[in-house]
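Student: Handing over entry.txt, compact mmCIF, C-alpha atoms.
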# COMPACT_ATOMS: atom_id res chain seq x y z
CA MET A 26 0.00 0.00 0.00
CA ALA A 27 1.91 2.99 -1.32
CA SER A 28 1.64 6.24 0.56
CA THR A 29 1.74 9.85 -0.58
CA TRP A 30 4.81 11.18 1.14
CA LYS A 31 5.77 14.74 1.95
CA GLU A 32 8.94 16.24 0.54
CA LEU A 33 11.93 15.62 2.81
CA PRO A 34 13.51 18.74 4.35
CA GLU A 35 16.12 20.42 2.16
CA GLU A 36 18.59 20.73 5.04
CA LEU A 37 18.56 16.94 5.54
CA SER A 38 21.96 15.37 4.93
CA ARG A 39 22.40 12.91 2.08
CA PRO A 40 22.82 9.80 4.32
CA ALA A 41 19.81 10.77 6.43
CA ARG A 42 17.77 11.34 3.25
CA ARG A 43 18.72 7.89 1.91
CA LEU A 44 17.78 6.31 5.25
CA ALA A 45 14.38 8.04 5.33
CA GLU A 46 13.66 6.97 1.73
CA GLU A 47 14.60 3.38 2.57
CA LEU A 48 12.30 3.41 5.63
CA ARG A 49 9.46 4.71 3.46
CA ALA A 50 10.08 1.98 0.89
CA ILE A 51 10.06 -0.73 3.60
CA LYS A 52 6.75 0.59 5.01
CA ASP A 53 5.13 0.74 1.55
CA THR A 54 6.40 -2.74 0.62
CA ALA A 55 5.02 -4.22 3.83
CA GLY A 56 1.69 -2.45 3.22
CA LEU A 57 1.51 -1.10 6.76
CA SER A 58 -0.20 2.02 7.99
CA LEU A 59 1.45 4.22 10.61
CA ALA A 60 -0.81 2.76 13.30
CA GLU A 61 0.05 -0.83 12.29
CA LEU A 62 3.74 0.02 12.14
CA ALA A 63 3.55 1.53 15.64
CA THR A 64 1.74 -1.56 16.96
CA ARG A 65 4.31 -3.98 15.53
CA THR A 66 7.39 -2.06 16.68
CA HIS A 67 5.97 -0.76 20.01
CA TYR A 68 6.95 2.81 19.11
CA SER A 69 4.34 5.56 18.83
CA ARG A 70 2.73 6.66 15.61
CA ALA A 71 4.00 10.22 16.18
CA SER A 72 7.59 8.95 16.45
CA TRP A 73 7.35 7.06 13.16
CA GLU A 74 5.83 10.14 11.51
CA ARG A 75 8.90 12.18 12.52
CA TRP A 76 11.36 9.48 11.40
CA LEU A 77 9.69 8.81 8.03
CA ASN A 78 9.41 12.54 7.21
CA GLY A 79 13.05 13.25 8.04
CA LYS A 80 12.35 15.41 11.10
CA ARG A 81 14.52 13.13 13.22
CA VAL A 82 16.91 10.25 12.53
CA VAL A 83 15.38 6.96 13.66
CA THR A 84 16.87 5.53 16.86
CA GLU A 85 18.88 2.32 16.82
CA GLN A 86 16.33 0.58 19.08
CA ALA A 87 13.44 1.51 16.80
CA LEU A 88 15.46 0.36 13.77
CA GLU A 89 16.04 -3.06 15.37
CA ALA A 90 12.35 -3.28 16.23
CA LEU A 91 11.51 -2.61 12.56
CA VAL A 92 14.00 -5.29 11.40
CA GLY A 93 12.29 -7.80 13.67
CA ALA A 94 8.78 -6.77 12.59
CA VAL A 95 9.03 -6.76 8.76
CA GLU A 96 11.08 -8.40 6.05
CA CYS A 97 13.94 -6.13 4.95
CA ASP A 98 17.67 -6.03 4.27
CA ALA A 99 18.85 -5.64 7.86
CA ALA A 100 22.54 -5.22 6.98
CA GLU A 101 21.90 -2.47 4.44
CA LEU A 102 19.48 -0.72 6.79
CA ARG A 103 22.03 -0.74 9.62
CA ARG A 104 24.72 0.60 7.24
CA LEU A 105 22.49 3.48 6.17
CA TRP A 106 21.69 4.25 9.80
CA ARG A 107 25.40 4.41 10.74
CA LEU A 108 26.06 6.78 7.84
CA ALA A 109 23.07 8.95 8.85
CA VAL A 110 24.13 9.32 12.46
CA GLU A 111 27.75 10.02 11.44
CA PRO A 112 27.35 12.42 8.51
CA ALA A 113 30.48 14.37 9.41
CA ALA A 114 32.70 11.33 8.96
CA GLU A 115 31.33 10.62 5.49
CA GLU A 116 31.60 14.25 4.38
CA SER A 117 35.19 14.41 5.66
CA THR A 118 36.07 11.22 3.75
CA ALA A 119 34.42 12.55 0.60
CA ALA A 120 36.36 15.81 0.85
CA GLU A 121 39.71 14.05 1.20
CA GLU A 122 39.44 12.13 -2.08
CA PRO A 123 39.50 15.15 -4.49
CA ALA A 124 42.05 16.91 -2.30
CA ALA A 125 44.54 14.04 -2.66
CA ASP A 126 44.35 14.19 -6.50
CA ALA A 127 44.64 17.99 -6.80
CA PRO A 128 48.15 19.01 -8.04
CA SER A 129 50.09 21.74 -6.30
CA VAL A 130 50.52 24.95 -8.32
CA GLU A 131 53.81 26.83 -8.26
CA GLU A 132 54.27 30.34 -9.55
CA PRO A 133 57.74 31.48 -10.71
CA GLY A 134 59.57 33.60 -8.19
CA GLU A 135 57.37 32.56 -5.24
CA ALA A 136 57.73 29.91 -2.60
CA PRO A 137 55.72 26.77 -3.36
CA VAL A 138 52.45 26.64 -1.48
CA ALA A 139 50.83 23.25 -0.84
CA VAL A 140 47.10 22.73 -1.16
CA PRO A 141 45.75 22.68 2.46
CA ALA A 142 44.69 19.13 3.26
CA VAL A 143 45.05 16.79 6.16
CA THR A 144 45.97 13.62 4.22
CA ALA A 145 49.22 11.75 4.71
CA ALA A 146 50.25 12.46 1.11
CA THR A 147 50.44 16.23 1.60
CA ALA A 148 51.78 16.28 5.17
CA ALA A 149 55.44 16.46 4.03
CA THR A 150 54.78 19.34 1.61
CA GLY A 151 53.01 21.28 4.38
CA GLU A 152 55.93 20.82 6.73
CA GLU A 153 58.43 22.02 4.09
CA SER A 154 56.30 25.11 3.37
CA ALA A 155 56.02 25.95 7.08
CA ALA A 156 59.78 25.58 7.49
CA GLU A 157 60.45 27.89 4.51
CA GLU A 158 58.05 30.50 6.00
CA LEU A 159 59.95 30.37 9.27
CA LEU A 160 63.18 31.06 7.40
CA THR A 161 61.75 33.86 5.27
CA GLY A 162 59.76 35.58 8.04
CA GLY A 163 56.31 34.71 6.71
CA PRO A 164 53.07 34.17 8.65
CA ALA A 165 54.36 30.95 10.17
CA ALA A 166 57.27 32.87 11.73
CA GLU A 167 54.85 35.39 13.25
CA GLU A 168 52.77 32.56 14.72
CA ALA A 169 55.91 30.97 16.15
CA ASP A 170 57.01 34.25 17.76
CA ARG A 171 53.60 34.83 19.41
CA PRO A 172 53.60 33.20 22.89
CA ALA A 173 50.91 30.58 23.46
CA VAL A 174 48.26 31.49 26.04
CA ALA A 175 47.39 28.74 28.51
CA TRP A 176 43.72 27.82 28.62
CA TRP A 177 43.48 28.67 32.30
CA ARG A 178 44.66 32.26 31.59
CA ARG A 179 41.90 33.09 29.12
CA PRO A 180 39.35 35.61 30.53
CA ALA A 181 36.25 33.75 29.32
CA VAL A 182 37.39 30.49 30.91
CA LEU A 183 38.26 32.26 34.16
CA LEU A 184 34.87 33.99 34.34
CA SER A 185 33.00 30.77 33.62
CA GLY A 186 34.95 28.89 36.26
CA ALA A 187 34.38 31.63 38.84
CA ALA A 188 30.62 31.63 38.16
CA VAL A 189 30.39 27.85 38.53
CA LEU A 190 32.42 27.95 41.75
CA ALA A 191 30.22 30.72 43.20
CA LEU A 192 27.07 28.76 42.35
CA LEU A 193 28.43 25.64 44.02
CA LEU A 194 29.32 27.62 47.16
CA VAL A 195 25.80 29.09 47.32
CA LEU A 196 24.20 25.65 46.94
CA VAL A 197 26.42 24.15 49.63
CA GLY A 198 25.65 27.06 51.98
CA LEU A 199 21.90 26.64 51.45
CA ARG A 200 22.12 22.92 52.09
CA ILE A 201 24.10 23.43 55.32
CA THR A 202 21.64 26.10 56.52
CA ARG A 203 18.64 23.89 55.80
CA HIS A 204 20.23 20.95 57.59
CA HIS A 205 20.99 23.16 60.60
CA ASP A 206 17.41 24.48 60.68
CA GLN A 207 15.98 20.96 60.52
CA ALA A 208 18.27 19.79 63.33
CA SER A 209 17.29 22.78 65.47
CA ALA A 210 13.61 22.15 64.85
CA ALA A 211 14.03 18.48 65.80
CA ASP A 212 15.82 19.36 69.04
CA ALA A 213 13.33 22.05 70.08
CA PRO A 214 10.56 20.82 72.39
CA THR A 215 7.20 20.48 70.74
CA PRO A 216 4.66 22.87 72.31
CA PRO A 217 1.52 21.18 73.60
CA ALA A 218 -1.40 21.27 71.25
CA VAL A 219 -4.00 23.79 72.36
CA PRO A 220 -7.46 23.08 70.93
CA SER A 221 -8.86 26.13 69.26
CA ALA A 222 -12.18 27.32 70.53
CA MET A 223 -15.05 26.72 68.15
CA PRO A 224 -16.66 30.05 67.18
CA VAL A 225 -20.25 30.26 68.40
CA PRO A 226 -22.66 32.32 66.29
CA SER A 227 -24.55 35.12 68.03
CA ASP A 228 -27.91 33.73 66.87
CA PRO A 229 -28.88 30.17 65.92
CA VAL A 230 -28.32 29.54 62.24
CA CYS A 231 -30.83 26.71 61.78
CA GLN A 232 -34.22 25.46 62.96
CA ALA A 233 -36.10 22.17 63.04
CA VAL A 234 -35.17 19.94 60.09
CA GLY A 235 -32.44 22.42 59.10
CA CYS A 236 -30.62 21.56 62.34
CA ALA A 237 -30.79 17.79 61.87
CA HIS A 238 -27.38 16.11 62.14
CA LYS A 239 -25.60 19.42 62.88
CA ASP A 240 -23.44 20.48 65.83
CA PRO A 241 -25.50 22.28 68.50
CA LYS A 242 -22.52 24.32 69.64
CA ALA A 243 -21.42 25.39 66.15
CA THR A 244 -24.98 26.41 65.21
CA GLY A 245 -25.62 28.38 68.42
CA CYS A 246 -28.42 26.05 69.53
CA GLY A 247 -26.71 25.36 72.86
CA LYS A 248 -27.37 28.87 74.13
CA ASP A 249 -30.94 28.15 75.28
CA ALA A 250 -30.53 24.38 75.75
CA ARG A 251 -32.53 22.69 78.52
CA THR A 252 -32.06 19.25 80.09
CA LEU A 253 -35.38 17.37 79.89
CA GLN A 254 -34.28 13.90 81.08
CA THR A 255 -31.24 12.36 82.83
CA GLN A 256 -30.17 8.82 83.60
CA VAL A 257 -27.26 7.49 85.69
CA ILE A 258 -25.32 4.33 84.83
CA SER A 259 -22.80 3.69 87.60
CA LYS A 260 -20.92 7.02 87.59
CA VAL A 261 -21.89 8.00 84.06
CA VAL A 262 -24.72 10.50 83.51
CA VAL A 263 -26.58 10.85 80.20
CA TYR A 264 -28.86 13.73 79.24
CA LEU A 265 -31.67 14.51 76.82
CA ARG A 266 -31.02 18.11 75.75
CA TYR A 267 -33.42 20.40 73.84
CA SER A 268 -33.27 23.87 72.27
CA GLN A 269 -36.65 25.57 71.94
CA THR A 270 -35.26 28.19 69.55
CA CYS A 271 -33.79 25.60 67.18
CA GLN A 272 -36.52 22.99 67.81
CA ALA A 273 -33.85 20.31 67.99
CA ALA A 274 -32.73 17.71 70.55
CA TRP A 275 -29.45 15.88 71.23
CA ALA A 276 -27.72 13.57 73.70
CA ALA A 277 -24.96 14.46 76.17
CA ILE A 278 -22.76 12.32 78.42
CA THR A 279 -20.58 13.30 81.41
CA GLU A 280 -18.49 11.69 84.13
CA GLY A 281 -17.50 8.96 81.68
CA GLU A 282 -14.33 7.53 80.27
CA PRO A 283 -13.08 7.09 76.69
CA LYS A 284 -15.30 4.70 74.70
CA ASP A 285 -18.36 5.36 76.90
CA TYR A 286 -21.21 6.73 74.77
CA ALA A 287 -24.83 7.88 74.72
CA VAL A 288 -27.32 7.50 71.86
CA ILE A 289 -30.37 9.67 71.20
CA THR A 290 -33.15 7.97 69.21
CA ASP A 291 -36.51 9.31 68.06
CA SER A 292 -39.65 7.33 67.33
CA THR A 293 -39.06 7.56 63.57
CA GLY A 294 -35.76 5.68 63.86
CA GLU A 295 -33.36 8.61 63.52
CA SER A 296 -30.38 8.53 65.90
CA GLU A 297 -27.10 10.24 66.78
CA THR A 298 -24.24 9.14 69.10
CA ALA A 299 -22.17 11.04 71.66
CA LEU A 300 -18.91 9.04 72.01
CA ILE A 301 -16.20 10.05 74.48
CA HIS A 302 -12.97 9.99 72.49
CA TRP A 303 -10.84 11.54 75.25
CA GLY A 304 -11.60 13.34 78.50
CA TYR A 305 -14.83 12.59 80.34
CA ASP A 306 -17.73 14.16 78.38
CA ASN A 307 -19.14 14.74 74.92
CA TYR A 308 -22.39 15.48 73.06
CA SER A 309 -24.04 14.26 69.86
CA LEU A 310 -25.30 15.96 66.77
CA MET A 311 -28.93 17.14 66.74
CA LEU A 312 -32.22 15.58 65.63
CA ASN A 313 -35.28 17.47 64.39
CA ALA A 314 -37.76 17.91 67.30
CA ALA A 315 -40.35 20.18 65.66
CA ASP A 316 -43.01 17.45 65.41
CA PRO A 317 -44.83 17.23 68.77
CA GLY A 318 -45.83 13.65 68.08
CA VAL A 319 -42.26 12.36 67.83
CA GLY A 320 -40.79 10.87 71.01
CA PHE A 321 -37.13 11.03 72.10
CA GLN A 322 -35.04 8.77 74.35
CA VAL A 323 -31.36 8.78 75.37
CA CYS A 324 -29.53 5.55 76.30
CA GLY A 325 -26.09 5.39 77.90
CA PHE A 326 -23.57 2.58 77.45
CA GLN A 327 -20.42 1.76 79.45
CA PRO A 328 -18.66 -1.40 80.69
CA ALA A 329 -20.79 -1.48 83.89
CA GLY A 330 -23.97 -1.74 81.80
CA HIS A 331 -26.47 0.48 80.03
CA ASN A 332 -29.70 2.27 80.79
CA CYS A 333 -32.11 4.68 79.11
CA THR A 334 -34.23 7.69 79.96
CA THR A 335 -37.98 7.58 79.56
CA THR A 336 -39.36 8.53 76.16
CA VAL A 337 -40.47 12.15 75.99
CA VAL A 338 -42.86 13.60 73.36
CA ASN A 339 -43.80 17.18 72.56
CA LEU A 340 -40.55 18.60 73.93
CA ALA A 341 -41.72 22.20 73.51
CA SER A 342 -44.66 21.67 75.91
CA VAL A 343 -42.32 20.02 78.45
CA VAL A 344 -40.11 23.11 78.41
CA ALA A 345 -43.13 25.42 78.73
CA ALA A 346 -44.39 23.41 81.74
CA THR A 347 -40.99 23.40 83.46
CA PRO A 348 -39.95 27.00 84.17
CA ILE A 349 -36.33 27.80 84.68
CA PRO A 350 -35.61 27.84 88.46
CA ILE A 351 -34.89 31.28 89.94
CA GLY A 352 -32.91 31.73 93.16
CA PRO A 353 -29.98 30.04 94.84
CA ALA A 354 -28.93 26.63 93.50
CA SER A 355 -28.77 25.16 97.05
CA PRO A 356 -31.10 25.73 100.09
CA PRO A 357 -30.19 28.62 102.43
CA PRO A 358 -28.41 27.83 105.70
CA GLY A 359 -30.68 26.12 108.23
CA ALA A 360 -33.38 25.17 105.73
CA GLY A 361 -33.67 21.44 106.38
CA ALA A 362 -29.95 20.81 106.80
CA PRO A 363 -29.13 17.92 109.19
CA THR A 364 -28.01 19.07 112.65
CA THR A 365 -26.47 15.84 113.88
CA PRO A 366 -24.36 13.18 112.21
CA GLY A 367 -27.15 10.65 112.66
CA ASP A 368 -29.76 12.75 110.88
CA SER A 369 -30.61 11.87 107.27
CA ALA A 370 -32.05 13.84 104.38
CA SER A 371 -35.78 14.46 104.45
CA PRO A 372 -37.98 12.44 102.03
CA ALA A 373 -38.86 15.61 100.17
CA GLN A 374 -35.21 16.15 99.34
CA ALA A 375 -34.53 12.55 98.31
CA ALA A 376 -37.66 12.00 96.21
CA PRO A 377 -37.41 12.74 92.45
CA SER A 378 -39.69 15.19 90.73
CA PRO A 379 -43.08 13.62 89.85
CA SER A 380 -42.92 14.87 86.27
CA GLY A 381 -39.68 13.00 85.63
CA SER A 382 -37.79 16.21 84.89
CA PRO A 383 -34.63 16.91 86.88
CA SER A 384 -34.80 18.93 90.08
CA ALA A 385 -33.35 22.40 90.16
CA SER A 386 -30.87 21.56 92.91
CA PRO A 387 -27.39 20.57 91.62
CA SER A 388 -27.08 18.03 94.39
CA THR A 389 -29.99 15.93 93.10
CA SER A 390 -29.92 16.63 89.36
CA PRO A 391 -26.57 16.50 87.55
CA SER A 392 -26.15 18.79 84.58
CA PRO A 393 -23.73 18.71 81.67
CA SER A 394 -20.23 20.06 82.13
CA PRO A 395 -19.32 23.49 80.71
CA SER A 396 -17.86 21.88 77.58
CA THR A 397 -21.20 20.23 76.72
CA PRO A 398 -23.91 22.34 74.97
Can you present the structure in this file as structure tokens?
Tutor:
Amino acid sequence: MASTWKELPEELSRPARRLAEELRAIKDTAGLSLAELATRTHYSRASWERWLNGKRVVTEQALEALVGAVECDAAELRRLWRLAVEPAAEESTAAEEPAADAPSVEEPGEAPVAVPAVTAATAATGEESAAEELLTGGPAAEEADRPAVAWWRRPAVLLSGAAVLALLLVLVGLRITRHHDQASAADAPTPPAVPSAMPVPSDPVCQAVGCAHKDPKATGCGKDARTLQTQVISKVVVYLRYSQTCQAAWAAITEGEPKDYAVITDSTGESETALIHWGYDNYSLMLNAADPGVGFQVCGFQPAGHNCTTTVVNLASVVAATPIPIGPASPPPGAGAPTTPGDSASPAQAAPSPSGSPSASPSTSPSPSPSTP
């Protein structure tokens, strides 16, 4: 399958042109397209396009791949490749042949001048001419009288060497400085990590379903949070927390240890978990509590066991029916305090609130720690 080829570049040397024409002939004889040639030789189609159009001389590896992929004269192809990659050698050899046959021309009354060539046949004539010029004071004598300049005394060489030396010194200095800085940083004590405080918005940024599965502290819903239910499991206390502004509820856990957790679940099956990763408390993300018919319950889990609060529905009405206590958190002095070691707390102090909501006194109703919304 013959191809319509582009003209080879005019500046292409004669050996490289012959090699490109031979490669084109091999491709046409084999009837291969560029894509098929690339597949057989494992060299890209773009590479073969450059080699066949004389933009580049084909590499030796690609040439061997072509010899193994198609039928061709491998010896001739390798010979053409060597001539193409060494065009200077061939041109030098071609220039020597006519120079060896050219006769020297002598003019009467002048010293014989040999044709300048570097062959062995004209070396003796060149030496005799140079010797005669030395005797007669010609150009050769002037060259002999001029002192040779050592390469290391030439200004360009000196400047280049100084620039390279300066660059090496700068690179070495930078490397030493970086190594010293890394060593100093490794030896310096690492400051303790200080957790950054989470910014709290001035007003809640969500409500009802918009607050579902969001952080109550980050959204500002913890500002008006109320504890509606608590439950104690050994030392661990779990809480059902509710924000009337955000109409959302969440779980909280305190006095626990890492891996203790509390889970808030609503009657629709939605849930969130408050897991203690480190420290002794944590809180969960929020659930939508706008629907008064949806009930909420918080269960706490720890190695000593687990327990749950009662299920609470219509959280907004529970908050409305439980006003925020006003006054001192503990009874004033002398108001029911035991007077003797044998006295015990009165039943009114020990009994829980009939509504199931926590008492206002801190001594009978634990509340979340300051880090819990």
Student: Excluding Arg103 of chain A and residues on its chain fewer than 3 positions from it, collect all residues at most 9 Å away from it, counting all atoms listed in the file, and give them as a PyMOL selection string.
Tutor: chain A and resi 85+88-89+98-100+106-108
Student: Counting all atoms listed in the file, which residue out of A:Ala87, A:Leu57, A:Ile51, A:Val197 sits closest to Glu101 of chain A?
Tutor: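 Closest to Glu101 of chain A of all the choices is A:Ile51.
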Student: Compare A:Asp291, A:Asp240, A:Glu297, A:Asp285 by their minimum atom-to-atom distance to Ala315 of chain A, counting only C-alpha atoms, and give me the closest one.
Tutor: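 Answer, going by the shortest atom-to-atom distance: A:Asp291.
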Student: Do a neighbour search on Glu36 of chain A at 12 Å with all atoms listed in the file, toss out local chain neighbours closer than 3 positions, and write the hits as an NGL selection string.
Tutor: :A and (32-33 or 39-42 or 79-81)
Student: Taking into account all atoms listed in the file, which residue in the set A:Gly186, A:Gly325, A:Gly247, A:Gly320 is nearest to Val337 of chain A?
Tutor: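 Counting all atoms listed in the file, the residue closest to Val337 of chain A is A:Gly320.
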Student: Of the candidates A:Ala55, A:Ala60, A:Leu37, A:Ala276, which one gets nearest to Thr252 of chain A if we count only C-alpha atoms?
Tutor: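 Nearest candidate to Thr252 of chain A out of A:Ala55, A:Ala60, A:Leu37, A:Ala276: A:Ala276.
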Student: What does the structure give for the distance between atom CA of Val319 of chain A and atom CA of Ala273 of chain A, in Å to one decimal?
Tutor: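 That distance, rounded to one decimal, is 11.6 Å.
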Student: Which value, in Å to one decimal, gives the distance between atom CA of Gly56 of chain A and atom CA of Trp30 of chain A?
Tutor: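 Atom CA of Trp30 of chain A lies 14.1 Å from atom CA of Gly56 of chain A.
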Student: How many Å separate atom CA of Tyr267 of chain A from atom CA of Leu253 of chain A?
Tutor: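 These two atoms are separated by 7.0 Å.
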Student: Using only C-alpha atoms, determine which residues lie at most 10 Å from Leu77 of chain A, disregarding the query and same-chain residues fewer than 2 positions distant; provide the list as an NGL selection string.
Tutor: :A and (30-31 or 33 or 42 or 44-50 or 52 or 59 or 72-75 or 79-83)
Student: With only C-alpha atoms as the basis for distance, which of A:Pro348, A:Lys284, A:Leu62, A:Ala237 is at the shortest distance from Arg251 of chain A?
Tutor: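 Closest to Arg251 of chain A, using only C-alpha atoms: A:Pro348.
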Student: Restricting the calculation to only C-alpha atoms: of A:Ala314, A:His67, A:Phe321, A:Tyr264, which residue gets closest to Thr290 of chain A?
Tutor: A:Phe321
Student: Distance cut-off 9 Å, centre (-32.9, 29.6, 75.8) in file coordinates, counting only C-alpha atoms: which residues qualify? Return them as an mmCIF file with C-alpha atoms, in the coordinates of the input.
Tutor:
data_model
loop_
_atom_site.group_PDB
_atom_site.id
_atom_site.type_symbol
_atom_site.label_atom_id
_atom_site.label_comp_id
_atom_site.auth_asym_id
_atom_site.auth_seq_id
_atom_site.Cartn_x
_atom_site.Cartn_y
_atom_site.Cartn_z
ATOM 1 C CA CYS A 246 -28.420 26.050 69.530
ATOM 2 C CA GLY A 247 -26.710 25.360 72.860
ATOM 3 C CA LYS A 248 -27.370 28.870 74.130
ATOM 4 C CA ASP A 249 -30.940 28.150 75.280
ATOM 5 C CA ALA A 250 -30.530 24.380 75.750
ATOM 6 C CA ARG A 251 -32.530 22.690 78.520
ATOM 7 C CA SER A 268 -33.270 23.870 72.270
ATOM 8 C CA GLN A 269 -36.650 25.570 71.940
ATOM 9 C CA THR A 270 -35.260 28.190 69.550
#
Student: Env of Thr298 of chain A: 8 Å cut, atoms = all atoms listed in the file, seq-sep filter 6 positions within chain, self excluded. Answer as a list in words.
Tutor: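 Returned residues: Ala276, Tyr286, Ala287, Val288, Ile289, Tyr308, Ser309 and Leu310 of chain A.
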